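Novice: So that you have it, the file is coords_28.txt, and it contains compact mmCIF, C-alpha atoms:
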```
# COMPACT_ATOMS: atom_id res chain seq x y z
CA MET A 952 13.94 -4.04 10.46
CA ALA A 953 12.96 -0.37 10.41
CA THR A 954 9.82 0.65 12.24
CA PHE A 955 7.33 3.48 11.85
CA SER A 956 7.41 6.59 13.99
CA SER A 957 4.69 9.14 14.59
CA THR A 958 7.35 11.81 15.15
CA ILE A 959 8.73 11.70 11.59
CA ASP A 960 7.29 13.87 8.82
CA TYR A 961 7.36 11.26 6.06
CA ARG A 962 6.52 13.81 3.37
CA ALA A 963 9.69 15.72 4.25
CA GLN A 964 11.70 12.52 4.76
CA PRO A 965 10.23 9.84 2.47
CA GLU A 966 13.46 7.83 2.57
CA ARG A 967 12.66 6.98 6.21
CA TYR A 968 9.41 5.24 5.26
CA PRO A 969 9.78 1.46 5.60
CA TYR A 970 7.54 -0.14 2.96
CA ARG A 971 5.40 -3.04 4.24
CA SER A 972 2.82 -4.84 2.10
CA GLY A 973 0.28 -4.98 4.93
CA GLU A 974 -1.39 -2.26 6.96
CA GLN A 975 1.45 -1.67 9.41
CA GLY A 976 2.07 1.98 10.32
CA VAL A 977 -1.25 3.23 8.98
CA PHE A 978 -1.95 5.17 12.19
CA GLN A 979 1.61 6.52 12.58
CA VAL A 980 2.73 7.85 9.20
CA GLU A 981 2.20 11.60 9.20
CA PRO A 982 1.07 13.81 7.59
CA TYR A 983 -0.74 11.18 5.52
CA LYS A 984 -2.63 9.63 8.43
CA SER A 985 -4.20 13.00 9.20
CA GLU A 986 -5.09 13.54 5.54
CA LEU A 987 -6.65 10.11 4.96
CA LEU A 988 -8.09 8.88 8.26
CA PRO A 989 -11.01 11.36 8.38
CA HIS A 990 -12.32 9.87 5.12
CA TRP A 991 -11.97 6.19 6.03
CA GLN A 992 -15.42 4.76 6.81
CA PHE A 993 -17.17 1.48 6.06
CA LYS A 994 -20.57 1.70 7.77
CA ASN A 995 -22.35 0.51 4.63
CA GLU A 996 -21.82 0.24 0.89
CA ALA A 997 -22.79 3.85 0.13
CA VAL A 998 -20.46 5.23 2.81
CA ALA A 999 -17.69 2.89 1.62
CA ARG A 1000 -18.10 4.19 -1.96
CA GLU A 1001 -17.77 7.79 -0.76
CA ALA A 1002 -14.69 6.89 1.30
CA ARG A 1003 -13.18 4.97 -1.59
CA ASP A 1004 -13.70 7.89 -3.96
CA VAL A 1005 -11.97 10.35 -1.62
CA LEU A 1006 -9.12 7.93 -0.88
CA LEU A 1007 -8.61 7.34 -4.61
CA GLU A 1008 -8.68 11.10 -5.22
CA HIS A 1009 -5.86 11.46 -2.70
CA TYR A 1010 -4.07 8.52 -4.30
CA ARG A 1011 -4.21 10.19 -7.73
CA SER A 1012 -2.98 13.46 -6.25
CA TYR A 1013 -0.01 11.71 -4.63
CA ARG A 1014 0.67 9.83 -7.89
CA ALA A 1015 0.69 13.09 -9.86
CA THR A 1016 3.60 14.31 -7.71
CA GLU A 1017 5.24 10.84 -7.56
CA ASP A 1018 4.75 10.77 -3.79
CA PHE A 1019 5.09 7.04 -3.19
CA VAL A 1020 4.60 7.27 0.57
CA GLY A 1021 1.25 9.01 0.08
CA MET A 1022 0.25 6.51 -2.59
CA ASP A 1023 1.14 3.62 -0.31
CA MET A 1024 -0.74 5.10 2.62
CA ALA A 1025 -3.85 5.49 0.44
CA ARG A 1026 -3.36 1.83 -0.53
CA LYS A 1027 -3.14 0.88 3.15
CA PHE A 1028 -6.40 2.68 3.98
CA LEU A 1029 -8.16 0.91 1.08
CA GLN A 1030 -6.74 -2.43 2.22
CA MET A 1031 -7.74 -1.72 5.80
CA GLY A 1032 -11.25 -0.77 4.64
CA PHE A 1033 -11.51 -4.23 3.14
CA THR A 1034 -10.11 -6.12 6.14
CA ARG A 1035 -12.11 -4.23 8.75
CA ALA A 1036 -15.38 -4.38 6.83
CA MET A 1037 -14.82 -8.12 6.29
CA ARG A 1038 -14.33 -8.60 10.01
CA TYR A 1039 -17.75 -7.04 10.61
CA ALA A 1040 -19.18 -9.04 7.70
CA LYS A 1041 -18.03 -12.32 9.27
CA TYR A 1042 -18.38 -11.62 12.99
CA PRO A 1043 -21.41 -10.01 14.64
CA GLY A 1044 -20.40 -6.57 15.87
CA GLY A 1045 -16.90 -7.14 14.45
CA ARG A 1046 -15.94 -9.15 17.53
CA LYS A 1047 -13.62 -11.92 16.38
CA TYR A 1048 -12.79 -13.04 19.94
CA THR A 1049 -14.88 -13.79 23.00
CA ASP A 1050 -14.21 -12.08 26.32
CA ASP A 1051 -11.91 -14.95 27.35
CA GLY A 1052 -9.83 -14.61 24.15
CA THR A 1053 -11.27 -17.58 22.28
CA GLU A 1054 -11.72 -16.99 18.56
CA ARG A 1055 -15.34 -17.06 17.42
CA ALA A 1056 -16.37 -19.08 14.38
CA PRO A 1057 -16.98 -16.78 11.41
CA GLN A 1058 -20.51 -16.55 10.03
CA GLU A 1059 -21.33 -16.22 6.37
CA TRP A 1060 -22.49 -13.42 6.30
CA ALA A 1061 -23.12 -11.98 9.74
CA ASP A 1062 -23.58 -8.57 8.10
CA ALA A 1063 -24.23 -8.62 4.36
CA GLU A 1064 -24.05 -4.81 4.15
CA LYS A 1065 -20.50 -4.85 5.54
CA ARG A 1066 -19.64 -7.52 2.97
CA ARG A 1067 -20.77 -5.18 0.19
CA ALA A 1068 -18.69 -2.37 1.75
CA ALA A 1069 -15.68 -4.69 1.88
CA VAL A 1070 -15.99 -5.47 -1.83
CA VAL A 1071 -15.94 -1.73 -2.64
CA PHE A 1072 -12.61 -1.36 -0.85
CA ARG A 1073 -11.19 -4.65 -2.16
CA ASN A 1074 -11.73 -3.68 -5.78
CA ALA A 1075 -10.11 -0.26 -5.32
CA TRP A 1076 -7.20 -1.77 -3.36
CA GLN A 1077 -6.59 -4.31 -6.14
CA ASP A 1078 -6.72 -1.53 -8.77
CA VAL A 1079 -4.01 0.37 -6.88
CA LEU A 1080 -1.80 -2.73 -6.69
CA ALA A 1081 -2.21 -3.19 -10.46
CA ASP A 1082 -1.28 0.44 -11.22
CA PRO A 1083 2.06 0.43 -13.11
CA ALA A 1084 2.96 3.81 -11.53
CA TYR A 1085 2.49 2.35 -8.04
CA GLU A 1086 4.73 -0.62 -8.85
CA ARG A 1087 7.40 1.57 -10.49
CA LEU A 1088 7.51 4.03 -7.59
CA LYS A 1089 7.46 1.22 -5.02
CA GLU A 1090 10.50 -0.39 -6.63
CA ALA A 1091 12.31 2.96 -6.82
CA HIS A 1092 11.50 3.63 -3.15
CA GLN A 1093 12.79 0.21 -2.09
CA GLU A 1094 16.00 0.74 -4.10
CA ARG A 1095 16.62 4.13 -2.47
CA ARG A 1096 16.04 2.64 0.98
CA SER A 1097 18.37 -0.30 0.37
CA ASP A 1098 21.03 2.05 -1.06
CA ALA A 1099 20.75 4.23 2.04
CA ASP A 1100 21.13 1.17 4.29
CA ALA A 1101 24.17 -0.19 2.42
CA PRO A 1102 27.52 0.29 4.16
CA GLU A 1103 29.99 2.60 2.47
CA GLY A 1104 33.01 0.81 1.23
```
What does the file become when written as structure tokens?
Specialist:
Amino acid sequence: MATFSSTIDYRAQPERYPYRSGEQGVFQVEPYKSELLPHWQFKNEAVAREARDVLLEHYRSYRATEDFVGMDMARKFLQMGFTRAMRYAKYPGGRKYTDDGTERAPQEWADAEKRRAAVVFRNAWQDVLADPAYERLKEAHQERRSDADAPEG
């Protein structure tokens, strides 16, 4: 299975980008990480809305040029906004584990403001997944990658 590398310019070499449905590679895929990370925040609902708007603006820009890797990275940051904000919503201070490694029991809701921030990201993330252009370009990307991996015969 292909892995992510912080030394690859994925805009110049999009065929090297290994699609994963989760958040894997979000801090390694350049130049997108550097373009998106500064805008990713989830302190509260208002900050999450601002972050979501900028991430979606980037997403639309990538979509306009059919840059699937950029679109997918924007999707990953939206997804990660949801998962991280939910961790803080369920666990005081976002600490899921105790110092000895034992998992804490989640609280409903340890931080209601983080829950509202999570919902902002969740809705945008789901909208991206439902975008027909995202699905079409994802399938085309996966086909190109599998064709590149196929042995010549």
Novice: How would you write as an mmCIF file with C-alpha atoms, in the coordinates of the input the residues that get within 12 Å of (2.2, 2.2, -9.1) in the file's frame, counting only C-alpha atoms?
Specialist:
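Output file out-v9.cif is given in full below:
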```
data_model
loop_
_atom_site.group_PDB
_atom_site.id
_atom_site.type_symbol
_atom_site.label_atom_id
_atom_site.label_comp_id
_atom_site.auth_asym_id
_atom_site.auth_seq_id
_atom_site.Cartn_x
_atom_site.Cartn_y
_atom_site.Cartn_z
ATOM 1 C CA TYR A 1010 -4.070 8.520 -4.300
ATOM 2 C CA ARG A 1011 -4.210 10.190 -7.730
ATOM 3 C CA TYR A 1013 -0.010 11.710 -4.630
ATOM 4 C CA ARG A 1014 0.670 9.830 -7.890
ATOM 5 C CA ALA A 1015 0.690 13.090 -9.860
ATOM 6 C CA GLU A 1017 5.240 10.840 -7.560
ATOM 7 C CA ASP A 1018 4.750 10.770 -3.790
ATOM 8 C CA PHE A 1019 5.090 7.040 -3.190
ATOM 9 C CA VAL A 1020 4.600 7.270 0.570
ATOM 10 C CA GLY A 1021 1.250 9.010 0.080
ATOM 11 C CA MET A 1022 0.250 6.510 -2.590
ATOM 12 C CA ASP A 1023 1.140 3.620 -0.310
ATOM 13 C CA ALA A 1025 -3.850 5.490 0.440
ATOM 14 C CA ARG A 1026 -3.360 1.830 -0.530
ATOM 15 C CA TRP A 1076 -7.200 -1.770 -3.360
ATOM 16 C CA GLN A 1077 -6.590 -4.310 -6.140
ATOM 17 C CA ASP A 1078 -6.720 -1.530 -8.770
ATOM 18 C CA VAL A 1079 -4.010 0.370 -6.880
ATOM 19 C CA LEU A 1080 -1.800 -2.730 -6.690
ATOM 20 C CA ALA A 1081 -2.210 -3.190 -10.460
ATOM 21 C CA ASP A 1082 -1.280 0.440 -11.220
ATOM 22 C CA PRO A 1083 2.060 0.430 -13.110
ATOM 23 C CA ALA A 1084 2.960 3.810 -11.530
ATOM 24 C CA TYR A 1085 2.490 2.350 -8.040
ATOM 25 C CA GLU A 1086 4.730 -0.620 -8.850
ATOM 26 C CA ARG A 1087 7.400 1.570 -10.490
ATOM 27 C CA LEU A 1088 7.510 4.030 -7.590
ATOM 28 C CA LYS A 1089 7.460 1.220 -5.020
ATOM 29 C CA GLU A 1090 10.500 -0.390 -6.630
ATOM 30 C CA ALA A 1091 12.310 2.960 -6.820
ATOM 31 C CA HIS A 1092 11.500 3.630 -3.150
#
```
Novice: Using 3 Å of padding on each side, determine the axis-aligned box around all atoms of segment 1029-1034 of chain A present in the file and give its centre and edge lengths in Å to one decimal, as lines of an AutoDock Vina configuration file.
Specialist:
```
center_x = -9.1
center_y = -2.6
center_z = 3.6
size_x = 10.8
size_y = 13.0
size_z = 11.1
```
Novice: Quick one: pull the distance between atom CA of Met1024 of chain A and atom CA of Ala1069 of chain A, Å, one decimal.
Specialist: 17.9 Å
Novice: Have a look at atom CA of Gln964 of chain A and atom CA of Phe1028 of chain A and let me know their distance in Å, one decimal.
Specialist: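 Going from atom CA of Gln964 of chain A over to atom CA of Phe1028 of chain A, I get 20.6 Å.
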Novice: Of the candidates A:Glu1064, A:Gly1044, A:Val1005, A:Gln992, which one gets nearest to Gly1032 of chain A if we count all atoms listed in the file?
Specialist: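 With all atoms listed in the file as the atom set, the closest residue is A:Gln992.
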Novice: Counting only C-alpha atoms, which residue out of A:Ala1036, A:Leu988, A:Ala963, A:Leu1029 sits closest to Arg1003 of chain A?
Specialist: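 Looking at the shortest contact to Arg1003 of chain A, the residue is A:Leu1029.
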Novice: Might you pull out every residue within 7 Å of Ala1068 of chain A, with only C-alpha atoms counted and same-chain residues fewer than 4 positions away left off, and present them as a list in words?
Specialist: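 Close residues of Ala1068 of chain A: Phe993, Asn995, Glu996, Ala999, Ala1036, Glu1064 and Phe1072 of chain A.
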